[in-house]
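Asker: Sending over query-v2.cif (mmCIF, C-alpha atoms).
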```
data_data
loop_
_atom_site.label_atom_id
_atom_site.label_comp_id
_atom_site.auth_asym_id
_atom_site.auth_seq_id
_atom_site.Cartn_x
_atom_site.Cartn_y
_atom_site.Cartn_z
CA MET E 1 13.96 10.99 5.65
CA THR E 2 11.63 11.47 8.60
CA GLY E 3 7.88 11.27 8.09
CA LEU E 4 4.81 11.20 10.28
CA THR E 5 5.01 7.44 10.79
CA GLU E 6 8.58 7.80 12.01
CA ARG E 7 7.61 10.59 14.42
CA ILE E 8 4.87 8.40 15.87
CA GLY E 9 7.43 5.63 16.19
CA ILE E 10 9.76 7.92 18.12
CA GLU E 11 6.97 8.92 20.49
CA MET E 12 6.07 5.26 21.13
CA GLY E 13 9.69 4.14 21.28
CA THR E 14 9.33 1.99 18.18
CA THR E 15 12.07 3.20 15.84
CA GLY E 16 14.34 0.20 16.49
CA ASP E 17 17.68 -0.59 14.93
CA SER E 18 17.51 -0.57 11.12
CA ALA E 19 19.54 -3.75 10.62
CA THR E 20 17.60 -5.61 13.30
CA GLY E 21 14.22 -4.58 11.91
CA TYR E 22 15.19 -5.41 8.34
CA SER E 23 16.59 -8.79 9.35
CA ALA E 24 13.48 -9.64 11.35
CA VAL E 25 11.24 -9.10 8.34
CA ARG E 26 13.48 -10.59 5.65
CA ASN E 27 15.16 -13.44 7.54
CA GLY E 28 12.28 -15.45 8.96
CA GLY E 29 11.27 -13.35 11.97
CA ALA E 30 8.53 -10.77 12.45
CA GLY E 31 8.69 -7.00 12.28
CA LEU E 32 6.31 -4.56 13.98
CA ILE E 33 5.43 -1.50 11.91
CA ASP E 34 3.33 1.42 13.16
CA LEU E 35 1.08 2.59 10.33
CA SER E 36 -1.13 4.77 12.52
CA SER E 37 -0.37 7.87 10.44
CA ARG E 38 -2.63 6.45 7.72
CA GLY E 39 -6.17 7.85 7.58
CA ARG E 40 -9.18 5.84 8.75
CA LEU E 41 -12.85 6.62 8.13
CA VAL E 42 -15.99 4.63 8.83
CA VAL E 43 -18.83 4.94 6.32
CA GLY E 44 -22.33 3.77 7.18
CA GLY E 45 -25.97 4.19 6.26
CA SER E 46 -28.47 2.27 4.16
CA GLU E 47 -27.21 3.98 0.97
CA ALA E 48 -23.51 3.54 1.70
CA VAL E 49 -23.02 0.80 -0.90
CA MET E 50 -24.77 2.79 -3.60
CA PHE E 51 -22.80 5.98 -2.99
CA LEU E 52 -19.44 4.26 -2.58
CA ASN E 53 -19.98 2.16 -5.69
CA GLY E 54 -20.26 5.32 -7.76
CA LEU E 55 -17.06 6.74 -6.29
CA ILE E 56 -14.53 3.89 -6.20
CA THR E 57 -13.06 1.64 -8.86
CA ASN E 58 -13.88 -1.73 -7.28
CA ASP E 59 -17.31 -3.33 -6.91
CA MET E 60 -18.86 -2.66 -3.50
CA LYS E 61 -21.75 -5.01 -4.27
CA THR E 62 -19.40 -7.99 -4.07
CA LEU E 63 -18.01 -7.04 -0.65
CA ALA E 64 -19.62 -9.27 1.98
CA VAL E 65 -19.50 -8.57 5.70
CA ASN E 66 -16.10 -9.47 7.18
CA THR E 67 -14.27 -9.21 3.87
CA TRP E 68 -12.13 -6.43 2.42
CA MET E 69 -10.81 -5.27 -0.93
CA PRO E 70 -8.42 -2.71 -2.43
CA ALA E 71 -9.95 0.16 -4.36
CA ALA E 72 -9.13 3.60 -5.69
CA PHE E 73 -10.76 6.98 -5.98
CA ALA E 74 -10.26 8.35 -9.48
CA SER E 75 -10.95 11.64 -11.24
CA VAL E 76 -13.24 11.78 -14.27
CA GLN E 77 -10.06 11.55 -16.36
CA GLY E 78 -9.16 8.22 -14.71
CA ARG E 79 -6.34 9.80 -12.70
CA LEU E 80 -5.56 8.50 -9.23
CA LEU E 81 -6.81 10.57 -6.30
CA ALA E 82 -6.26 7.94 -3.59
CA ALA E 83 -5.59 4.24 -3.17
CA VAL E 84 -7.63 2.74 -0.33
CA ARG E 85 -8.67 -0.45 1.38
CA VAL E 86 -12.38 -0.95 2.11
CA ILE E 87 -13.09 -3.25 5.06
CA HIS E 88 -16.70 -4.38 5.53
CA ARG E 89 -17.29 -4.64 9.27
CA GLU E 90 -20.51 -5.11 11.22
CA ASP E 91 -20.56 -1.37 12.02
CA GLY E 92 -20.05 -0.22 8.42
CA PHE E 93 -17.20 0.20 5.97
CA LEU E 94 -13.78 1.06 7.33
CA ILE E 95 -11.82 2.96 4.69
CA ASP E 96 -8.06 3.00 5.17
CA THR E 97 -5.78 5.22 3.08
CA GLU E 98 -2.35 6.82 3.15
CA ASP E 99 -1.86 9.91 5.28
CA VAL E 100 -1.30 12.17 2.26
CA THR E 101 -4.63 11.17 0.71
CA HIS E 102 -6.62 11.18 3.95
CA ASP E 103 -8.05 14.69 3.48
CA THR E 104 -8.81 14.02 -0.19
CA VAL E 105 -10.88 10.94 0.63
CA LEU E 106 -12.65 12.71 3.50
CA LYS E 107 -13.62 15.66 1.29
CA ILE E 108 -14.89 13.37 -1.50
CA LEU E 109 -17.07 11.42 0.93
CA GLU E 110 -18.36 14.40 2.90
CA ARG E 111 -19.90 15.89 -0.25
CA PHE E 112 -22.51 13.13 -0.19
CA THR E 113 -23.48 13.16 3.48
CA LEU E 114 -26.53 15.34 2.80
CA ALA E 115 -27.59 13.46 -0.32
CA GLY E 116 -29.13 10.47 1.48
CA ASP E 117 -28.61 7.97 4.27
CA PHE E 118 -24.83 8.13 4.03
CA ARG E 119 -22.70 8.84 7.09
CA VAL E 120 -18.97 9.43 7.40
CA MET E 121 -17.14 9.21 10.72
CA GLU E 122 -13.51 10.23 11.19
CA VAL E 123 -11.76 7.66 13.41
CA THR E 124 -8.07 8.27 12.69
CA ASN E 125 -7.24 9.81 16.05
CA GLU E 126 -9.34 7.31 18.00
CA THR E 127 -7.67 4.26 16.44
CA VAL E 128 -4.24 2.85 15.63
CA LEU E 129 -2.96 0.60 12.88
CA LEU E 130 -0.12 -1.79 13.65
CA SER E 131 1.28 -4.30 11.18
CA ILE E 132 3.18 -7.54 11.73
CA GLN E 133 5.37 -8.47 8.74
CA GLY E 134 7.62 -11.48 8.18
CA LYS E 135 7.62 -15.23 7.83
CA SER E 136 6.94 -15.58 11.58
CA ALA E 137 4.04 -13.11 11.54
CA GLU E 138 1.55 -15.96 11.84
CA SER E 139 3.16 -17.48 14.95
CA THR E 140 3.39 -14.01 16.50
CA MET E 141 -0.32 -13.48 15.93
CA ARG E 142 -1.17 -16.87 17.42
CA ALA E 143 0.86 -16.06 20.54
CA VAL E 144 -1.20 -12.90 21.10
CA PHE E 145 -4.65 -13.83 19.79
CA GLY E 146 -4.74 -17.64 19.91
CA ASP E 147 -4.70 -20.37 17.29
CA GLU E 148 -7.78 -19.00 15.50
CA SER E 149 -6.11 -15.67 14.67
CA THR E 150 -4.88 -16.79 11.24
CA VAL E 151 -7.26 -15.12 8.80
CA GLU E 152 -7.64 -15.95 5.11
CA ARG E 153 -6.72 -13.35 2.54
CA GLN E 154 -9.49 -10.83 1.86
CA LYS E 155 -11.24 -11.98 5.05
CA VAL E 156 -11.65 -9.96 8.24
CA LEU E 157 -11.17 -11.37 11.73
CA ASN E 158 -12.42 -9.79 14.94
CA GLY E 159 -9.68 -10.64 17.43
CA LYS E 160 -9.93 -9.91 21.15
CA LEU E 161 -7.44 -8.45 23.57
CA ALA E 162 -7.10 -9.57 27.18
CA ASN E 163 -9.38 -6.69 28.25
CA GLY E 164 -12.11 -7.92 25.88
CA HIS E 165 -11.69 -5.08 23.39
CA GLU E 166 -11.93 -6.05 19.73
CA VAL E 167 -9.19 -5.70 17.14
CA THR E 168 -9.99 -5.78 13.42
CA ILE E 169 -7.44 -8.04 11.71
CA ILE E 170 -6.74 -8.50 8.01
CA ARG E 171 -3.96 -10.27 6.15
CA ALA E 172 -1.91 -7.74 4.20
CA THR E 173 1.65 -7.22 3.06
CA HIS E 174 3.69 -4.03 2.96
CA THR E 175 6.97 -5.86 2.45
CA ALA E 176 6.33 -8.90 0.16
CA GLU E 177 6.44 -11.02 3.33
CA ASN E 178 3.50 -12.59 5.13
CA GLY E 179 1.67 -10.01 7.20
CA PHE E 180 -1.29 -8.94 9.30
CA ASP E 181 -2.72 -5.45 9.85
CA LEU E 182 -4.39 -4.74 13.19
CA PHE E 183 -6.87 -1.89 13.66
CA ALA E 184 -7.39 -1.16 17.36
CA ASP E 185 -8.67 1.49 19.74
CA ALA E 186 -6.01 4.11 20.47
CA ASN E 187 -6.35 3.42 24.20
CA ASP E 188 -5.18 -0.15 23.57
CA ALA E 189 -2.16 0.84 21.48
CA GLN E 190 0.51 0.49 24.11
CA SER E 191 -0.69 -2.83 25.52
CA LEU E 192 -1.14 -4.25 22.02
CA ARG E 193 2.34 -3.18 21.02
CA GLU E 194 3.86 -4.65 24.18
CA SER E 195 2.06 -7.96 23.57
CA LEU E 196 3.40 -8.17 20.02
CA ILE E 197 6.94 -7.34 21.14
CA LYS E 198 6.71 -9.94 23.91
CA ALA E 199 5.65 -12.48 21.28
CA GLY E 200 8.89 -11.82 19.38
CA ALA E 201 8.18 -8.97 16.96
CA GLN E 202 11.02 -6.49 16.33
CA ASP E 203 10.45 -2.77 15.77
CA VAL E 204 10.81 -1.53 12.18
CA SER E 205 11.60 2.13 11.51
CA PHE E 206 10.09 4.25 8.75
CA GLU E 207 13.40 4.29 6.86
CA THR E 208 13.59 0.49 6.98
CA LEU E 209 9.98 0.23 5.84
CA GLU E 210 10.87 2.39 2.82
CA THR E 211 13.56 -0.08 1.80
CA LEU E 212 11.23 -3.03 2.35
CA ARG E 213 8.36 -1.51 0.37
CA ILE E 214 10.59 -0.61 -2.60
CA GLU E 215 11.94 -4.17 -2.62
CA ALA E 216 8.29 -5.29 -2.53
CA GLY E 217 7.33 -3.00 -5.42
CA ILE E 218 4.59 -1.22 -3.47
CA PRO E 219 4.00 2.35 -4.69
CA ARG E 220 3.54 5.24 -2.27
CA TYR E 221 1.23 8.15 -3.04
CA GLY E 222 3.05 11.43 -3.54
CA VAL E 223 6.23 9.52 -4.43
CA ASP E 224 5.44 6.81 -7.00
CA MET E 225 1.95 7.95 -7.95
CA ASP E 226 -0.15 11.10 -7.75
CA GLU E 227 -3.08 12.89 -9.33
CA THR E 228 -1.38 12.77 -12.75
CA THR E 229 -1.14 8.96 -12.69
CA VAL E 230 -3.70 6.86 -14.51
CA VAL E 231 -4.92 4.23 -12.02
CA THR E 232 -3.71 1.24 -14.05
CA GLU E 233 -0.25 2.75 -14.66
CA ALA E 234 0.55 2.15 -10.97
CA ASN E 235 -0.13 -1.63 -11.02
CA LEU E 236 -3.43 -1.18 -9.17
CA ASP E 237 -5.43 -3.54 -11.40
CA GLU E 238 -6.57 -5.55 -8.34
CA ALA E 239 -8.28 -2.38 -7.13
CA VAL E 240 -10.37 -2.09 -10.29
CA SER E 241 -13.50 -3.91 -11.40
CA PHE E 242 -13.73 -3.88 -15.19
CA THR E 243 -17.28 -5.26 -15.15
CA LYS E 244 -19.16 -3.07 -12.62
CA GLY E 245 -21.43 -0.19 -13.50
CA CYS E 246 -20.60 3.48 -13.80
CA TYR E 247 -18.10 5.16 -11.49
CA LEU E 248 -15.91 8.24 -11.74
CA GLY E 249 -13.12 7.65 -14.23
CA GLN E 250 -14.59 4.41 -15.58
CA GLU E 251 -14.71 5.47 -19.23
CA ILE E 252 -10.99 6.22 -19.42
CA ILE E 253 -9.88 3.22 -17.34
CA VAL E 254 -11.98 0.74 -19.33
CA ARG E 255 -10.96 2.28 -22.65
CA ILE E 256 -7.28 1.76 -21.77
CA LYS E 257 -8.01 -1.83 -20.76
CA HIS E 258 -9.71 -2.55 -24.07
CA ARG E 259 -6.87 -0.85 -25.95
CA GLY E 260 -4.53 -3.47 -24.49
CA HIS E 261 -2.12 -1.55 -22.28
CA VAL E 262 -1.12 1.80 -20.84
CA ALA E 263 1.55 3.91 -22.56
CA LYS E 264 3.84 3.66 -19.53
CA LYS E 265 3.83 1.62 -16.34
CA LEU E 266 5.49 1.37 -12.95
CA THR E 267 8.25 -1.23 -12.93
CA GLY E 268 11.42 -2.18 -11.08
CA MET E 269 15.05 -1.58 -11.96
CA ILE E 270 18.31 -2.94 -10.57
CA PHE E 271 21.60 -1.06 -10.76
CA GLY E 272 25.15 -1.55 -9.50
CA VAL E 273 26.28 -1.80 -5.89
CA ASP E 274 27.73 1.73 -5.88
CA ALA E 275 24.93 3.44 -7.79
CA GLU E 276 23.46 6.51 -6.11
CA LEU E 277 20.03 7.13 -7.57
CA LYS E 278 17.75 10.09 -7.12
CA ARG E 279 14.03 10.52 -7.43
CA ASP E 280 13.00 11.92 -10.84
CA ALA E 281 16.30 10.83 -12.40
CA LYS E 282 15.81 10.28 -16.13
CA VAL E 283 15.91 6.71 -17.39
CA LEU E 284 17.48 6.21 -20.81
CA SER E 285 17.59 3.34 -23.26
CA VAL E 286 20.94 1.91 -24.38
CA ASP E 287 20.75 4.23 -27.41
CA ASP E 288 20.16 7.25 -25.15
CA LYS E 289 16.44 7.75 -25.74
CA GLU E 290 14.59 9.11 -22.72
CA ILE E 291 12.15 6.34 -21.77
CA GLY E 292 11.07 7.12 -18.21
CA ARG E 293 12.00 8.32 -14.75
CA VAL E 294 12.86 7.02 -11.30
CA THR E 295 10.27 7.52 -8.55
CA SER E 296 11.78 5.61 -5.58
CA ALA E 297 15.29 4.31 -4.99
CA THR E 298 17.19 2.60 -2.20
CA PHE E 299 19.97 0.12 -1.49
CA SER E 300 18.71 -3.43 -1.02
CA PRO E 301 20.64 -5.37 1.64
CA ARG E 302 19.16 -8.64 0.39
CA LEU E 303 20.09 -8.06 -3.26
CA ASN E 304 23.26 -6.10 -2.41
CA GLN E 305 22.34 -3.75 -5.23
CA ALA E 306 20.89 -0.29 -5.70
CA ILE E 307 17.27 -0.72 -6.74
CA ALA E 308 14.54 1.59 -7.98
CA MET E 309 10.97 1.84 -9.10
CA GLY E 310 9.91 4.10 -11.90
CA TYR E 311 7.73 4.58 -14.94
CA LEU E 312 9.00 3.30 -18.27
CA LYS E 313 7.43 3.38 -21.70
CA PHE E 314 5.62 0.17 -22.56
CA ASP E 315 8.16 -1.01 -25.15
CA TYR E 316 10.89 -1.13 -22.48
CA LEU E 317 9.09 -3.03 -19.71
CA ALA E 318 10.44 -6.51 -20.47
CA PRO E 319 12.61 -7.89 -17.63
CA ALA E 320 16.38 -7.72 -18.27
CA THR E 321 15.98 -4.80 -20.70
CA ARG E 322 19.16 -2.75 -20.32
CA VAL E 323 18.68 0.84 -19.22
CA LYS E 324 20.69 3.76 -17.86
CA ALA E 325 19.82 6.26 -15.15
CA SER E 326 21.07 9.80 -15.62
CA VAL E 327 22.32 11.17 -12.28
CA ASP E 328 24.19 14.47 -11.97
CA GLU E 329 25.50 14.34 -15.53
CA THR E 330 26.68 10.75 -15.11
CA GLN E 331 25.02 7.57 -16.33
CA VAL E 332 24.49 4.45 -14.23
CA ALA E 333 23.91 1.14 -16.02
CA GLY E 334 21.10 -1.14 -14.92
CA GLU E 335 18.32 -3.37 -16.13
CA VAL E 336 14.56 -3.66 -15.84
CA ALA E 337 13.26 -6.14 -13.26
CA GLU E 338 9.75 -7.38 -12.63
CA LEU E 339 8.01 -6.24 -9.45
CA PRO E 340 8.25 -7.26 -6.70
CA LEU E 341 12.03 -7.14 -6.73
CA ILE E 342 12.02 -9.59 -3.81
CA ARG E 343 9.35 -12.31 -3.67
CA GLY E 344 9.12 -13.09 0.03
CA SER E 345 6.91 -15.37 2.13
CA TRP E 346 3.74 -13.60 0.97
CA TYR E 347 4.15 -15.42 -2.34
CA GLU E 348 4.72 -18.86 -0.85
CA ASP E 349 1.02 -19.58 -0.26
#
```
Give the structure from the file, written as structure tokens.
Answerer:
Amino acid sequence: MTGLTERIGIEMGTTGDSATGYSAVRNGGAGLIDLSSRGRLVVGGSEAVMFLNGLITNDMKTLAVNTWMPAAFASVQGRLLAAVRVIHREDGFLIDTEDVTHDTVLKILERFTLAGDFRVMEVTNETVLLSIQGKSAESTMRAVFGDESTVERQKVLNGKLANGHEVTIIRATHTAENGFDLFADANDAQSLRESLIKAGAQDVSFETLETLRIEAGIPRYGVDMDETTVVTEANLDEAVSFTKGCYLGQEIIVRIKHRGHVAKKLTGMIFGVDAELKRDAKVLSVDDKEIGRVTSATFSPRLNQAIAMGYLKFDYLAPATRVKASVDETQVAGEVAELPLIRGSWYED
């Protein structure tokens, strides 16, 4: 599989050896991941909070300067249009989203630019997003940005490069390991990358990142979730405020919350060493009832097992529930496993 992130990696010489990159992230080192293909927008204006609060699932009124939060854009039916991160900087709100939902978010926001003091600026091509992931991510960051570069979760740090240019830094994981995301000017991309490599970070390819994110139980839009997914089915509860005022999709999302649970939910599954799983493979119960489907699958070097994420009916979500995946007229035995499938250094704090 070759995606836009991988193509950027090839252009910058960052694809790296898969085993080396995986080992760096999982075995106590630090991996460098180029996430620049994600979309980045800056929203400003005196009415930015008001407009954004009516569009996203989390509560903008609680977001202080130099803090960030996950959020989602939902349809009126509570279906997921985009998962985002909203970073409150001095110059406005930086909205970061996956590349496949970039245009969707931009179109939603642009509809309101003439409705009041609400401005949207596209900054994807003028900026880059690099991520350091692994148990040694913190020491790598200190080597480049100094001892004060360790930022608390949900906080934003304005780091400085040797040339004086600022880098927006947040703590974030894409792998279930400790991590930092760095938003920088595109003109500083090469020097920033070289500094991180010099400090010990190893390049991580897109294919390796896919394995790491599936192990970490992190859904990807267009693969594990889309416009047919109810926001809370995709384990995005941290992106939702259940107490804030009206926003698009609120009625459905809150109603499901009060009902107790969704009908199906994204979960993990572990299969045998030799299992070859495919996306959209049917998942069956031990008595051959169709109970869900696979959305992502890979082989986990750490677990030495084939693993998957997928949606299962609520009654089958308990860990260790035995299941079968139907692949090319054969059935592969497995069991349900709680996400993340690997609990790395991110969970040690």
Asker: May I have the residues within 7 Å of stretch 38-49 of chain E as a VMD selection string, using all atoms listed in the file and disregarding those fewer than 3 positions away in the same chain?
Answerer: chain E and resid 35 52 to 53 60 to 61 92 to 99 102 116 to 124
Asker: From the list E:Ala308, E:Val156, E:Leu248, E:Ala239, which residue is nearest E:Ala172 when using only C-alpha atoms?
Answerer: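 Ranked by minimum distance to E:Ala172, first place goes to E:Val156.
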Asker: One decimal, Å: what's the distance from atom CA of E:Val100 over to atom CA of E:Gly222, could you say?
Answerer: 7.3 Å
Asker: Excluding same-chain residues fewer than 4 positions from E:Ile252, what lies within 8 Å of it counting only C-alpha atoms, as a list in words?
Answerer: Val76, Gln77, Gly78 and Ile256 of chain E
Asker: So what do you get for atom CA of E:Phe206 versus atom CA of E:Ser136, distance-wise?
Answerer: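 Taking atom CA of E:Phe206 and atom CA of E:Ser136, their separation equals 20.3 Å.
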Asker: Once the PyMOL selection byres ((chain E and resi 69) around 6) is applied to the coordinates I shared, what remains selected? I want it as a ChimeraX atom specification.
Answerer: /E:68,70,85-86
Asker: Take the PyMOL selection byres ((chain E and resi 251) around 12), apply it to the structure above, and return the hits as a PDB file with C-alpha atoms, keeping the file's coordinate frame.
Answerer:
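Result file is result28.pdb:
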```pdb
ATOM      1  CA  THR E  57     -13.060   1.640  -8.860  1.00  0.00           C
ATOM      2  CA  ALA E  74     -10.260   8.350  -9.480  1.00  0.00           C
ATOM      3  CA  SER E  75     -10.950  11.640 -11.240  1.00  0.00           C
ATOM      4  CA  VAL E  76     -13.240  11.780 -14.270  1.00  0.00           C
ATOM      5  CA  GLN E  77     -10.060  11.550 -16.360  1.00  0.00           C
ATOM      6  CA  GLY E  78      -9.160   8.220 -14.710  1.00  0.00           C
ATOM      7  CA  ARG E  79      -6.340   9.800 -12.700  1.00  0.00           C
ATOM      8  CA  PHE E 242     -13.730  -3.880 -15.190  1.00  0.00           C
ATOM      9  CA  THR E 243     -17.280  -5.260 -15.150  1.00  0.00           C
ATOM     10  CA  LYS E 244     -19.160  -3.070 -12.620  1.00  0.00           C
ATOM     11  CA  GLY E 245     -21.430  -0.190 -13.500  1.00  0.00           C
ATOM     12  CA  CYS E 246     -20.600   3.480 -13.800  1.00  0.00           C
ATOM     13  CA  TYR E 247     -18.100   5.160 -11.490  1.00  0.00           C
ATOM     14  CA  LEU E 248     -15.910   8.240 -11.740  1.00  0.00           C
ATOM     15  CA  GLY E 249     -13.120   7.650 -14.230  1.00  0.00           C
ATOM     16  CA  GLN E 250     -14.590   4.410 -15.580  1.00  0.00           C
ATOM     17  CA  ILE E 252     -10.990   6.220 -19.420  1.00  0.00           C
ATOM     18  CA  ILE E 253      -9.880   3.220 -17.340  1.00  0.00           C
ATOM     19  CA  VAL E 254     -11.980   0.740 -19.330  1.00  0.00           C
ATOM     20  CA  ARG E 255     -10.960   2.280 -22.650  1.00  0.00           C
ATOM     21  CA  ILE E 256      -7.280   1.760 -21.770  1.00  0.00           C
ATOM     22  CA  LYS E 257      -8.010  -1.830 -20.760  1.00  0.00           C
ATOM     23  CA  HIS E 258      -9.710  -2.550 -24.070  1.00  0.00           C
TER      24      HIS E 258
END
```
Asker: For the provided coordinates, the residues matched by the PyMOL selection byres ((chain E and resi 306) around 9) should be stated as JSON, numbers by chain.
Answerer: {"E": [269, 270, 271, 272, 273, 274, 275, 276, 277, 297, 298, 299, 300, 301, 303, 304, 305, 307, 308]}
Asker: So how many Å separate atom CA of E:Val336 and atom CA of E:Gly217, to one decimal?
Answerer: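 Pair atom CA of E:Val336 / atom CA of E:Gly217 returns 12.7 Å.
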Asker: Which of these, E:Phe145, E:Phe112, E:Phe314, E:Phe183, has the shortest distance to E:Asn125 once you count all atoms listed in the file?
Answerer: E:Phe183
Asker: Ranking E:Ser296, E:Glu348, E:Thr104, E:Thr267 by minimum distance to E:Ala318 and counting all atoms listed in the file, which one comes first?
Answerer: E:Thr267
Asker: How would stretch 159-194 of chain E of the given structure read as a file with C-alpha atoms, as a PDB file, in the first residue's frame?
Answerer:
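Contents of the output file out.pdb:
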```pdb
ATOM      1  CA  GLY E 159       9.439  25.466  20.688  1.00  0.00           C
ATOM      2  CA  LYS E 160      12.174  27.315  18.804  1.00  0.00           C
ATOM      3  CA  LEU E 161      14.571  26.162  16.129  1.00  0.00           C
ATOM      4  CA  ALA E 162      18.161  27.354  15.864  1.00  0.00           C
ATOM      5  CA  ASN E 163      17.058  29.991  13.324  1.00  0.00           C
ATOM      6  CA  GLY E 164      14.526  31.389  15.812  1.00  0.00           C
ATOM      7  CA  HIS E 165      11.476  30.061  13.964  1.00  0.00           C
ATOM      8  CA  GLU E 166       8.708  28.670  16.154  1.00  0.00           C
ATOM      9  CA  VAL E 167       7.437  25.106  16.152  1.00  0.00           C
ATOM     10  CA  THR E 168       4.052  24.233  17.654  1.00  0.00           C
ATOM     11  CA  ILE E 169       4.472  21.098  19.786  1.00  0.00           C
ATOM     12  CA  ILE E 170       1.817  18.868  21.318  1.00  0.00           C
ATOM     13  CA  ARG E 171       2.016  15.486  23.007  1.00  0.00           C
ATOM     14  CA  ALA E 172       0.160  12.906  20.932  1.00  0.00           C
ATOM     15  CA  THR E 173       0.344   9.233  20.113  1.00  0.00           C
ATOM     16  CA  HIS E 174      -0.220   7.483  16.807  1.00  0.00           C
ATOM     17  CA  THR E 175       1.314   4.222  17.992  1.00  0.00           C
ATOM     18  CA  ALA E 176       0.356   3.692  21.687  1.00  0.00           C
ATOM     19  CA  GLU E 177       3.880   4.860  22.532  1.00  0.00           C
ATOM     20  CA  ASN E 178       4.891   8.217  23.962  1.00  0.00           C
ATOM     21  CA  GLY E 179       4.921  10.869  21.266  1.00  0.00           C
ATOM     22  CA  PHE E 180       5.136  14.480  20.176  1.00  0.00           C
ATOM     23  CA  ASP E 181       3.684  16.157  17.079  1.00  0.00           C
ATOM     24  CA  LEU E 182       5.567  19.121  15.628  1.00  0.00           C
ATOM     25  CA  PHE E 183       3.895  21.686  13.366  1.00  0.00           C
ATOM     26  CA  ALA E 184       6.514  23.772  11.541  1.00  0.00           C
ATOM     27  CA  ASP E 185       6.984  26.052   8.561  1.00  0.00           C
ATOM     28  CA  ALA E 186       7.561  24.072   5.361  1.00  0.00           C
ATOM     29  CA  ASN E 187      10.833  25.950   4.800  1.00  0.00           C
ATOM     30  CA  ASP E 188      12.150  24.469   8.049  1.00  0.00           C
ATOM     31  CA  ALA E 189      11.152  20.890   7.233  1.00  0.00           C
ATOM     32  CA  GLN E 190      14.511  19.592   6.118  1.00  0.00           C
ATOM     33  CA  SER E 191      16.543  21.143   8.927  1.00  0.00           C
ATOM     34  CA  LEU E 192      14.004  19.992  11.517  1.00  0.00           C
ATOM     35  CA  ARG E 193      14.052  16.468  10.161  1.00  0.00           C
ATOM     36  CA  GLU E 194      17.858  16.381  10.130  1.00  0.00           C
TER      37      GLU E 194
END
```
